[in-house]
>>> print(open('query_17.cif').read())   # mmCIF, C-alpha atoms
data_entry
loop_
_atom_site.group_PDB
_atom_site.id
_atom_site.type_symbol
_atom_site.label_atom_id
_atom_site.label_comp_id
_atom_site.auth_asym_id
_atom_site.auth_seq_id
_atom_site.Cartn_x
_atom_site.Cartn_y
_atom_site.Cartn_z
ATOM 1 C CA MET C 1 75.349 42.054 -104.465
ATOM 2 C CA LEU C 2 71.648 41.216 -104.303
ATOM 3 C CA GLU C 3 70.092 37.773 -104.487
ATOM 4 C CA ILE C 4 66.623 38.499 -105.841
ATOM 5 C CA LEU C 5 63.769 35.996 -105.928
ATOM 6 C CA TYR C 6 61.013 36.847 -108.386
ATOM 7 C CA ARG C 7 57.992 35.572 -110.277
ATOM 8 C CA ILE C 8 56.737 36.453 -113.745
ATOM 9 C CA TYR C 9 52.961 36.562 -114.268
ATOM 10 C CA GLU C 10 50.792 36.844 -117.344
ATOM 11 C CA VAL C 11 47.534 38.773 -116.978
ATOM 12 C CA ALA C 12 44.730 36.294 -117.605
ATOM 13 C CA ASP C 13 41.606 36.856 -119.675
ATOM 14 C CA GLU C 14 38.269 36.861 -117.882
ATOM 15 C CA GLU C 15 37.540 33.154 -118.389
ATOM 16 C CA THR C 16 41.036 32.050 -117.369
ATOM 17 C CA ALA C 17 41.011 34.376 -114.368
ATOM 18 C CA LYS C 18 37.759 32.801 -113.175
ATOM 19 C CA LYS C 19 39.222 29.294 -113.453
ATOM 20 C CA ASN C 20 42.400 30.420 -111.700
ATOM 21 C CA ARG C 21 40.432 31.845 -108.788
ATOM 22 C CA GLU C 22 38.440 28.633 -108.448
ATOM 23 C CA ASN C 23 41.505 26.416 -108.564
ATOM 24 C CA ASP C 24 43.968 28.622 -106.740
ATOM 25 C CA MET C 25 43.831 27.599 -103.135
ATOM 26 C CA ASN C 26 47.620 27.349 -103.308
ATOM 27 C CA PHE C 27 48.241 30.325 -101.080
ATOM 28 C CA GLY C 28 45.261 30.211 -98.686
ATOM 29 C CA ILE C 29 44.432 33.660 -97.308
ATOM 30 C CA PHE C 30 47.912 34.868 -98.231
ATOM 31 C CA SER C 31 46.940 34.895 -101.907
ATOM 32 C CA SER C 32 46.562 38.370 -103.358
ATOM 33 C CA THR C 33 44.136 39.085 -106.202
ATOM 34 C CA SER C 34 46.962 39.106 -108.753
ATOM 35 C CA LYS C 35 48.237 35.698 -107.652
ATOM 36 C CA ALA C 36 44.756 34.201 -107.637
ATOM 37 C CA GLU C 37 43.620 35.571 -110.998
ATOM 38 C CA ASN C 38 46.696 35.578 -113.177
ATOM 39 C CA THR C 39 48.924 32.834 -114.520
ATOM 40 C CA GLU C 40 52.359 32.289 -113.030
ATOM 41 C CA LEU C 41 54.914 31.672 -115.804
ATOM 42 C CA VAL C 42 58.288 31.682 -114.061
ATOM 43 C CA MET C 43 59.804 31.648 -110.621
ATOM 44 C CA ASP C 44 63.546 32.161 -110.440
ATOM 45 C CA CYS C 45 66.443 33.808 -108.633
ATOM 46 C CA LYS C 46 69.036 36.233 -110.018
ATOM 47 C CA VAL C 47 72.198 37.646 -108.484
ATOM 48 C CA CYS C 48 72.624 41.339 -109.378
ATOM 49 C CA ASP C 49 74.523 44.416 -108.296
ATOM 50 C CA SER C 50 71.348 46.452 -107.806
ATOM 51 C CA ARG C 51 67.598 46.600 -108.332
ATOM 52 C CA ASP C 52 68.120 48.677 -111.462
ATOM 53 C CA GLN C 53 70.398 46.038 -112.954
ATOM 54 C CA PHE C 54 67.799 43.373 -112.084
ATOM 55 C CA LYS C 55 65.117 45.290 -113.995
ATOM 56 C CA GLU C 56 67.436 45.675 -117.005
ATOM 57 C CA ILE C 57 67.995 41.901 -117.089
ATOM 58 C CA ILE C 58 64.266 41.164 -116.828
ATOM 59 C CA ARG C 59 63.426 43.636 -119.603
ATOM 60 C CA ALA C 60 66.083 42.070 -121.821
ATOM 61 C CA GLU C 61 64.516 38.631 -121.291
ATOM 62 C CA TYR C 62 60.806 39.494 -121.372
ATOM 63 C CA GLY C 63 60.600 42.733 -123.291
ATOM 64 C CA GLU C 64 60.658 46.412 -122.470
ATOM 65 C CA LYS C 65 56.919 46.488 -121.742
ATOM 66 C CA ILE C 66 57.056 44.140 -118.763
ATOM 67 C CA ALA C 67 55.810 45.852 -115.607
ATOM 68 C CA PHE C 68 57.170 45.501 -112.083
ATOM 69 C CA ALA C 69 53.801 45.817 -110.371
ATOM 70 C CA TYR C 70 50.290 44.621 -111.125
ATOM 71 C CA ARG C 71 47.876 47.419 -111.998
ATOM 72 C CA LYS C 72 44.565 45.862 -112.933
ATOM 73 C CA ASP C 73 43.083 49.109 -114.236
ATOM 74 C CA LYS C 74 45.946 49.674 -116.691
ATOM 75 C CA MET C 75 46.783 46.124 -117.811
ATOM 76 C CA LYS C 76 45.093 43.780 -120.281
ATOM 77 C CA ALA C 77 45.114 40.034 -120.921
ATOM 78 C CA GLY C 78 48.504 38.841 -122.132
ATOM 79 C CA ASP C 79 50.536 41.591 -120.436
ATOM 80 C CA LEU C 80 53.479 40.471 -118.328
ATOM 81 C CA TYR C 81 54.583 41.723 -114.941
ATOM 82 C CA CYS C 82 57.300 40.822 -112.448
ATOM 83 C CA ILE C 83 56.870 40.521 -108.676
ATOM 84 C CA VAL C 84 59.943 40.554 -106.429
ATOM 85 C CA ILE C 85 59.496 38.065 -103.595
ATOM 86 C CA GLY C 86 62.599 38.766 -101.575
ATOM 87 C CA GLU C 87 66.224 39.780 -101.456
ATOM 88 C CA HIS C 88 69.249 38.312 -99.672
ATOM 89 C CA CYS C 89 67.418 35.008 -99.170
ATOM 90 C CA TYR C 90 69.573 32.199 -97.823
ATOM 91 C CA ASP C 91 66.992 29.408 -97.828
ATOM 92 C CA THR C 92 65.821 29.811 -101.408
ATOM 93 C CA GLU C 93 64.673 26.211 -101.819
ATOM 94 C CA ARG C 94 61.587 26.809 -99.727
ATOM 95 C CA TYR C 95 60.407 29.358 -102.276
ATOM 96 C CA PHE C 96 60.730 26.920 -105.176
ATOM 97 C CA GLN C 97 59.605 23.603 -103.746
ATOM 98 C CA LYS C 98 55.968 22.726 -104.321
ATOM 99 C CA HIS C 99 54.031 19.948 -102.648
ATOM 100 C CA THR C 100 50.550 18.510 -103.041
ATOM 101 C CA PHE C 101 48.301 17.622 -100.105
ATOM 102 C CA THR C 102 44.651 17.255 -99.125
ATOM 103 C CA CYS C 103 43.151 19.913 -96.865
ATOM 104 C CA ALA C 104 42.197 18.264 -93.563
ATOM 105 C CA GLN C 105 39.034 20.366 -93.369
ATOM 106 C CA CYS C 106 37.470 20.815 -96.803
ATOM 107 C CA GLY C 107 39.079 17.865 -98.565
ATOM 108 C CA HIS C 108 40.380 19.831 -101.559
ATOM 109 C CA THR C 109 43.618 18.658 -103.148
ATOM 110 C CA ILE C 110 46.067 21.551 -103.027
ATOM 111 C CA THR C 111 49.400 22.296 -104.683
ATOM 112 C CA THR C 112 51.363 25.069 -103.035
ATOM 113 C CA TYR C 113 54.872 26.316 -102.373
ATOM 114 C CA LEU C 114 56.478 24.691 -99.362
ATOM 115 C CA LYS C 115 56.968 28.025 -97.599
ATOM 116 C CA ASN C 116 53.200 28.631 -97.593
ATOM 117 C CA LYS C 117 52.262 25.514 -95.626
ATOM 118 C CA ILE C 118 49.396 26.174 -93.205
ATOM 119 C CA GLU C 119 49.581 23.787 -90.268
ATOM 120 C CA PHE C 120 49.540 23.644 -86.465
ATOM 121 C CA GLY C 121 52.687 24.854 -84.727
ATOM 122 C CA ASN C 122 54.451 23.501 -81.643
ATOM 123 C CA TYR C 123 52.562 25.804 -79.257
ATOM 124 C CA GLU C 124 49.168 24.790 -80.649
ATOM 125 C CA ILE C 125 50.023 21.087 -80.501
ATOM 126 C CA LYS C 126 51.220 21.340 -76.908
ATOM 127 C CA HIS C 127 48.653 23.681 -75.376
ATOM 128 C CA ARG C 128 45.504 23.161 -77.435
ATOM 129 C CA PHE C 129 45.774 19.554 -78.564
ATOM 130 C CA PHE C 130 47.361 18.016 -75.453
ATOM 131 C CA GLY C 131 50.607 17.202 -77.287
ATOM 132 C CA ILE C 132 48.885 14.748 -79.665
ATOM 133 C CA GLU C 133 51.414 14.459 -82.490
ATOM 134 C CA GLU C 134 48.809 13.317 -85.019
ATOM 135 C CA TYR C 135 47.643 16.928 -85.384
ATOM 136 C CA ARG C 136 51.087 17.934 -86.603
ATOM 137 C CA LYS C 137 50.367 16.081 -89.863
ATOM 138 C CA LYS C 138 47.265 18.147 -90.650
ATOM 139 C CA GLN C 139 47.581 20.729 -93.433
ATOM 140 C CA PHE C 140 45.063 23.261 -94.681
ATOM 141 C CA CYS C 141 44.329 25.243 -97.808
ATOM 142 C CA SER C 142 43.600 28.420 -95.852
ATOM 143 C CA GLU C 143 43.602 29.911 -92.372
ATOM 144 C CA GLY C 144 39.803 29.757 -92.498
ATOM 145 C CA CYS C 145 39.829 25.982 -92.927
ATOM 146 C CA LYS C 146 42.446 25.652 -90.209
ATOM 147 C CA TRP C 147 40.333 27.670 -87.766
ATOM 148 C CA LYS C 148 37.161 25.706 -88.553
ATOM 149 C CA TYR C 149 38.963 22.375 -88.167
ATOM 150 C CA GLU C 150 40.452 23.457 -84.847
ATOM 151 C CA GLN C 151 37.066 24.491 -83.444
ATOM 152 C CA GLU C 152 35.419 21.234 -84.491
ATOM 153 C CA GLU C 153 38.245 19.116 -83.085
ATOM 154 C CA LEU C 154 38.334 20.976 -79.786
ATOM 155 C CA ALA C 155 34.577 20.518 -79.444
ATOM 156 C CA ARG C 156 35.080 16.801 -80.047
ATOM 157 C CA ILE C 157 38.029 16.137 -77.741
ATOM 158 C CA ARG C 158 37.148 18.844 -75.191
ATOM 159 C CA PRO C 159 33.322 18.888 -75.124
ATOM 160 C CA ASP C 160 33.204 21.096 -72.031
ATOM 161 C CA ASP C 161 35.720 23.625 -73.357
ATOM 162 C CA ASP C 162 33.066 26.360 -73.543
ATOM 163 C CA LYS C 163 32.392 25.887 -69.844
ATOM 164 C CA GLU C 164 35.935 26.689 -68.783
ATOM 165 C CA PHE C 165 36.439 29.697 -66.548
ATOM 166 C CA TYR C 166 39.001 31.236 -64.264
ATOM 167 C CA VAL C 167 38.466 30.172 -60.672
ATOM 168 C CA THR C 168 38.369 33.090 -58.250
ATOM 169 C CA ARG C 169 37.844 33.352 -54.506
ATOM 170 C CA ASP C 170 34.507 35.124 -55.002
ATOM 171 C CA MET C 171 33.021 32.099 -56.742
ATOM 172 C CA PHE C 172 33.336 30.103 -53.515
ATOM 173 C CA THR C 173 32.862 32.751 -50.819
ATOM 174 C CA GLU C 174 30.051 34.945 -52.137
ATOM 175 C CA GLN C 175 27.443 33.315 -49.884
ATOM 176 C CA VAL C 176 29.653 31.377 -47.464
ATOM 177 C CA ALA C 177 32.280 32.091 -44.830
ATOM 178 C CA GLY C 178 34.246 28.988 -45.785
ATOM 179 C CA TYR C 179 34.420 25.224 -45.647
ATOM 180 C CA ILE C 180 35.227 22.613 -43.001
ATOM 181 C CA TYR C 181 36.908 19.545 -44.488
ATOM 182 C CA LEU C 182 37.995 16.124 -43.286
ATOM 183 C CA ILE C 183 40.989 14.150 -44.555
ATOM 184 C CA THR C 184 41.033 10.449 -43.697
ATOM 185 C CA LYS C 185 43.842 7.927 -44.167
ATOM 186 C CA LYS C 186 42.000 4.808 -45.311
ATOM 187 C CA THR C 187 44.594 2.257 -44.201
ATOM 188 C CA THR C 188 44.992 3.599 -40.662
ATOM 189 C CA GLY C 189 41.734 5.426 -39.995
ATOM 190 C CA GLU C 190 43.654 8.540 -38.942
ATOM 191 C CA PHE C 191 41.928 11.819 -39.746
ATOM 192 C CA TYR C 192 42.532 15.543 -39.886
ATOM 193 C CA VAL C 193 39.978 18.385 -39.699
ATOM 194 C CA GLY C 194 40.689 21.765 -41.288
ATOM 195 C CA GLN C 195 39.049 24.897 -42.680
ATOM 196 C CA THR C 196 39.524 27.087 -45.722
ATOM 197 C CA ILE C 197 37.911 30.191 -47.198
ATOM 198 C CA TYR C 198 39.000 29.194 -50.709
ATOM 199 C CA ALA C 199 37.888 26.413 -53.021
ATOM 200 C CA PRO C 200 38.406 23.256 -50.906
ATOM 201 C CA VAL C 201 40.339 21.500 -53.651
ATOM 202 C CA PHE C 202 43.005 24.203 -53.472
ATOM 203 C CA ARG C 203 43.541 23.524 -49.780
ATOM 204 C CA TRP C 204 43.672 19.797 -50.517
ATOM 205 C CA ALA C 205 46.420 20.447 -53.065
ATOM 206 C CA GLN C 206 48.401 22.359 -50.435
ATOM 207 C CA HIS C 207 48.153 19.405 -48.028
ATOM 208 C CA LEU C 208 49.494 17.074 -50.707
ATOM 209 C CA LYS C 209 52.757 19.012 -50.654
ATOM 210 C CA THR C 210 53.365 18.108 -46.987
ATOM 211 C CA GLU C 211 54.909 15.017 -45.397
ATOM 212 C CA ARG C 212 51.715 14.175 -43.527
ATOM 213 C CA PHE C 213 49.700 13.808 -46.739
ATOM 214 C CA ASN C 214 52.323 13.188 -49.379
ATOM 215 C CA ILE C 215 50.938 13.076 -52.914
ATOM 216 C CA LYS C 216 52.652 9.722 -53.487
ATOM 217 C CA GLY C 217 50.050 8.191 -51.180
ATOM 218 C CA ILE C 218 47.065 10.004 -52.652
ATOM 219 C CA LEU C 219 45.110 6.779 -53.212
ATOM 220 C CA ASP C 220 45.174 6.174 -49.468
ATOM 221 C CA TYR C 221 43.488 9.501 -48.640
ATOM 222 C CA GLN C 222 39.866 10.567 -48.639
ATOM 223 C CA PHE C 223 39.147 14.289 -48.781
ATOM 224 C CA GLU C 224 35.623 15.534 -48.087
ATOM 225 C CA VAL C 225 33.824 18.734 -47.137
ATOM 226 C CA ILE C 226 31.803 18.109 -43.965
ATOM 227 C CA GLU C 227 30.290 21.572 -43.519
ATOM 228 C CA ILE C 228 29.728 24.687 -45.587
ATOM 229 C CA VAL C 229 29.868 27.569 -43.095
ATOM 230 C CA PRO C 230 27.263 30.261 -43.923
ATOM 231 C CA LYS C 231 28.194 33.897 -44.261
ATOM 232 C CA GLY C 232 28.203 35.616 -40.861
ATOM 233 C CA GLU C 233 29.211 32.566 -38.818
ATOM 234 C CA ASN C 234 32.645 32.203 -37.228
ATOM 235 C CA ILE C 235 34.498 29.620 -39.294
ATOM 236 C CA LEU C 236 37.170 29.136 -36.632
ATOM 237 C CA GLU C 237 34.535 28.195 -34.070
ATOM 238 C CA ARG C 238 32.987 25.700 -36.503
ATOM 239 C CA GLU C 239 36.416 24.201 -37.149
ATOM 240 C CA LYS C 240 36.985 23.872 -33.390
ATOM 241 C CA TYR C 241 33.581 22.179 -33.007
ATOM 242 C CA TRP C 242 34.395 19.538 -35.621
ATOM 243 C CA ILE C 243 37.927 18.922 -34.337
ATOM 244 C CA GLN C 244 36.603 18.253 -30.856
ATOM 245 C CA LYS C 245 33.670 16.197 -32.109
ATOM 246 C CA LYS C 246 35.848 13.900 -34.195
ATOM 247 C CA TYR C 247 38.432 13.644 -31.415
ATOM 248 C CA LYS C 248 35.842 12.511 -28.880
ATOM 249 C CA GLU C 249 34.607 9.871 -31.323
ATOM 250 C CA ASN C 250 38.091 8.417 -31.839
ATOM 251 C CA PRO C 251 40.872 10.240 -29.956
ATOM 252 C CA ALA C 252 43.614 7.778 -30.951
ATOM 253 C CA LYS C 253 43.159 8.539 -34.647
ATOM 254 C CA SER C 254 43.065 12.361 -34.525
ATOM 255 C CA LEU C 255 45.937 14.160 -36.275
ATOM 256 C CA ASN C 256 44.852 17.541 -34.943
ATOM 257 C CA ILE C 257 47.038 18.575 -31.998
ATOM 258 C CA MET C 258 46.459 22.077 -30.669
ATOM 259 C CA GLN C 259 42.694 22.156 -30.290
ATOM 260 C CA THR C 260 42.416 18.669 -28.778
ATOM 261 C CA ALA C 261 44.688 19.396 -25.809
ATOM 262 C CA GLY C 262 42.873 18.731 -22.530
ATOM 263 C CA LEU C 263 40.030 16.791 -24.145
ATOM 264 C CA ALA C 264 41.351 13.398 -23.070
ATOM 265 C CA GLU C 265 40.123 13.941 -19.496
ATOM 266 C CA ASP C 266 36.649 14.937 -20.783
ATOM 267 C CA THR C 267 36.241 11.650 -22.633
ATOM 268 C CA GLN C 268 37.007 9.529 -19.576
#
>>> encode(input="query_17.cif", output="structure tokens")
Amino acid sequence: MLEILYRIYEVADEETAKKNRENDMNFGIFSSTSKAENTELVMDCKVCDSRDQFKEIIRAEYGEKIAFAYRKDKMKAGDLYCIVIGEHCYDTERYFQKHTFTCAQCGHTITTYLKNKIEFGNYEIKHRFFGIEEYRKKQFCSEGCKWKYEQEELARIRPDDDKEFYVTRDMFTEQVAGYIYLITKKTTGEFYVGQTIYAPVFRWAQHLKTERFNIKGILDYQFEVIEIVPKGENILEREKYWIQKKYKENPAKSLNIMQTAGLAEDTQ
């Protein structure tokens, strides 16, 4: 058995076809020329044993001359044709239900079948609109209007979106050997000196995963770059210089261990 969904169309005259095209934003970019130009008369569902039996039933109801495809070059105004939408459809209601809405972009009032709704999906809401549920209510007459609306909204809520780029090591090491940074605990005055050849913020993020600088206390930390080491210089030597310098200034507050060994006698 076949459950066949179908529509019956009447070929429109030139004037009617023009009006239909102007008013038919029902199907957005999914609308074919036949759907946009011609007049839909019937949408229904029939249960048949075969396609051939379906055609026999349709011919008995609408006449032997009804066609089962739209051929613009061989059809004239007033001719009827049948378009099969689908077979073995379990959720047939979505093909029949129509709803009226206003396009969020162009402002046109649209009436369309429920299955043809053009709106933002879960992925778009989550990853492009920061999970803002209000965008889930937006509907559009076409994919073109949806795209234009999305671009305008992203420019509004993400004004620097066009400046986004993928961060790579080369962006931060093309002219430098690396960076010397200082982390200070504001409440205690304790400090830590380190070095990195990557973007300093990446190294800071790594520190925040440790017990010494747990992210829960992030408001108590100050992270700063204290030297950009030029290309060609030994970054390890520059790190050692800063560790020793800071230690001599305040040995009791230094959190660096290895490279401060033996410096206590020098400060006395």
>>> atom_distance(input="query_17.cif", atom1="atom CA of C:Tyr9", atom2="atom CA of C:Glu40")
4.5 Å
>>> atom_distance(input="query_17.cif", atom1="atom CA of C:Lys146", atom2="atom CA of C:Gly131")
17.5 Å
>>> resolve_selection(input="query_17.cif", expression="the PyMOL selection byres ((chain C and resi 226) around 7)", output="list in words")
Ile180, Tyr181, Leu182, Glu224, Val225 and Glu227 of chain C
>>> closest_residue(input="query_17.cif", among="C:Ala252, C:Val176, C:Ala199, C:Ala17", to="C:Pro230", atoms="only C-alpha atoms")
C:Val176
>>> resolve_selection(input="query_17.cif", expression="the PyMOL selection byres ((chain C and resi 232-236) around 9)", output="PyMOL selection string")
chain C and resi 176-180+195-197+229-231+237-241
>>> residues_around(input="query_17.cif", residues="stretch 98-108 of chain C", least_positions_apart="4", cutoff="8 Å", atoms="all atoms listed in the file", output="list in words")
Thr112, Tyr113, Leu114, Lys138, Gln139, Phe140, Cys141, Cys145, Lys146, Lys148 and Tyr149 of chain C
>>> closest_residue(input="query_17.cif", among="C:Ile125, C:Val11, C:Ile57, C:Ile132", to="C:Asp79", atoms="only C-alpha atoms")
C:Val11
>>> atom_distance(input="query_17.cif", atom1="atom CA of C:Val42", atom2="atom CA of C:Lys18")
20.6 Å
>>> closest_residue(input="query_17.cif", among="C:Tyr247, C:Phe191, C:Tyr135, C:Phe223", to="C:Arg203", atoms="all atoms listed in the file")
C:Phe223
>>> resolve_selection(input="query_17.cif", expression="the PyMOL selection byres ((chain C and resi 54) around 12)", output="ChimeraX atom specification")
/C:1-6,45-53,55-61,68,82-84,87
>>> closest_residue(input="query_17.cif", among="C:Ile228, C:Ile85, C:Ala205, C:Ala77", to="C:Glu14", atoms="only C-alpha atoms")
C:Ala77
>>> closest_residue(input="query_17.cif", among="C:Lys216, C:Lys126, C:Arg21, C:Lys246", to="C:Glu37", atoms="all atoms listed in the file")
C:Arg21
>>> build_atoms(input="query_17.cif", residues="stretch 37-54 of chain C", atoms="N, CA and C atoms", output="mmCIF file, in the coordinates of the input")
data_model
loop_
_atom_site.group_PDB
_atom_site.id
_atom_site.type_symbol
_atom_site.label_atom_id
_atom_site.label_comp_id
_atom_site.auth_asym_id
_atom_site.auth_seq_id
_atom_site.Cartn_x
_atom_site.Cartn_y
_atom_site.Cartn_z
ATOM 1 N N GLU C 37 44.219 35.412 -109.675
ATOM 2 C CA GLU C 37 43.620 35.571 -110.998
ATOM 3 C C GLU C 37 44.562 35.212 -112.134
ATOM 4 N N ASN C 38 45.792 35.647 -112.041
ATOM 5 C CA ASN C 38 46.696 35.578 -113.177
ATOM 6 C C ASN C 38 47.547 34.316 -113.191
ATOM 7 N N THR C 39 48.200 34.079 -114.303
ATOM 8 C CA THR C 39 48.924 32.834 -114.520
ATOM 9 C C THR C 39 50.415 33.018 -114.248
ATOM 10 N N GLU C 40 50.932 32.237 -113.330
ATOM 11 C CA GLU C 40 52.359 32.289 -113.030
ATOM 12 C C GLU C 40 53.139 31.571 -114.127
ATOM 13 N N LEU C 41 54.116 32.243 -114.725
ATOM 14 C CA LEU C 41 54.914 31.672 -115.804
ATOM 15 C C LEU C 41 56.273 31.184 -115.320
ATOM 16 N N VAL C 42 56.913 31.980 -114.473
ATOM 17 C CA VAL C 42 58.288 31.682 -114.061
ATOM 18 C C VAL C 42 58.491 32.060 -112.608
ATOM 19 N N MET C 43 59.284 31.255 -111.921
ATOM 20 C CA MET C 43 59.804 31.648 -110.621
ATOM 21 C C MET C 43 61.292 31.352 -110.646
ATOM 22 N N ASP C 44 62.103 32.348 -110.308
ATOM 23 C CA ASP C 44 63.546 32.161 -110.440
ATOM 24 C C ASP C 44 64.281 33.086 -109.486
ATOM 25 N N CYS C 45 65.589 32.998 -109.500
ATOM 26 C CA CYS C 45 66.443 33.808 -108.633
ATOM 27 C C CYS C 45 67.595 34.355 -109.471
ATOM 28 N N LYS C 46 67.916 35.620 -109.303
ATOM 29 C CA LYS C 46 69.036 36.233 -110.018
ATOM 30 C C LYS C 46 69.927 36.978 -109.033
ATOM 31 N N VAL C 47 71.226 36.915 -109.291
ATOM 32 C CA VAL C 47 72.198 37.646 -108.484
ATOM 33 C C VAL C 47 72.611 38.888 -109.267
ATOM 34 N N CYS C 48 72.382 40.071 -108.679
ATOM 35 C CA CYS C 48 72.624 41.339 -109.378
ATOM 36 C C CYS C 48 73.362 42.304 -108.459
ATOM 37 N N ASP C 49 73.869 43.372 -109.080
ATOM 38 C CA ASP C 49 74.523 44.416 -108.296
ATOM 39 C C ASP C 49 73.516 45.354 -107.661
ATOM 40 N N SER C 50 72.340 45.503 -108.312
ATOM 41 C CA SER C 50 71.348 46.452 -107.806
ATOM 42 C C SER C 50 69.974 46.103 -108.367
ATOM 43 N N ARG C 51 68.965 46.761 -107.833
ATOM 44 C CA ARG C 51 67.598 46.600 -108.332
ATOM 45 C C ARG C 51 67.502 47.065 -109.789
ATOM 46 N N ASP C 52 68.161 48.151 -110.092
ATOM 47 C CA ASP C 52 68.120 48.677 -111.462
ATOM 48 C C ASP C 52 68.698 47.663 -112.444
ATOM 49 N N GLN C 53 69.808 47.034 -112.068
ATOM 50 C CA GLN C 53 70.398 46.038 -112.954
ATOM 51 C C GLN C 53 69.449 44.849 -113.122
ATOM 52 N N PHE C 54 68.768 44.467 -112.021
ATOM 53 C CA PHE C 54 67.799 43.373 -112.084
ATOM 54 C C PHE C 54 66.705 43.684 -113.101
#
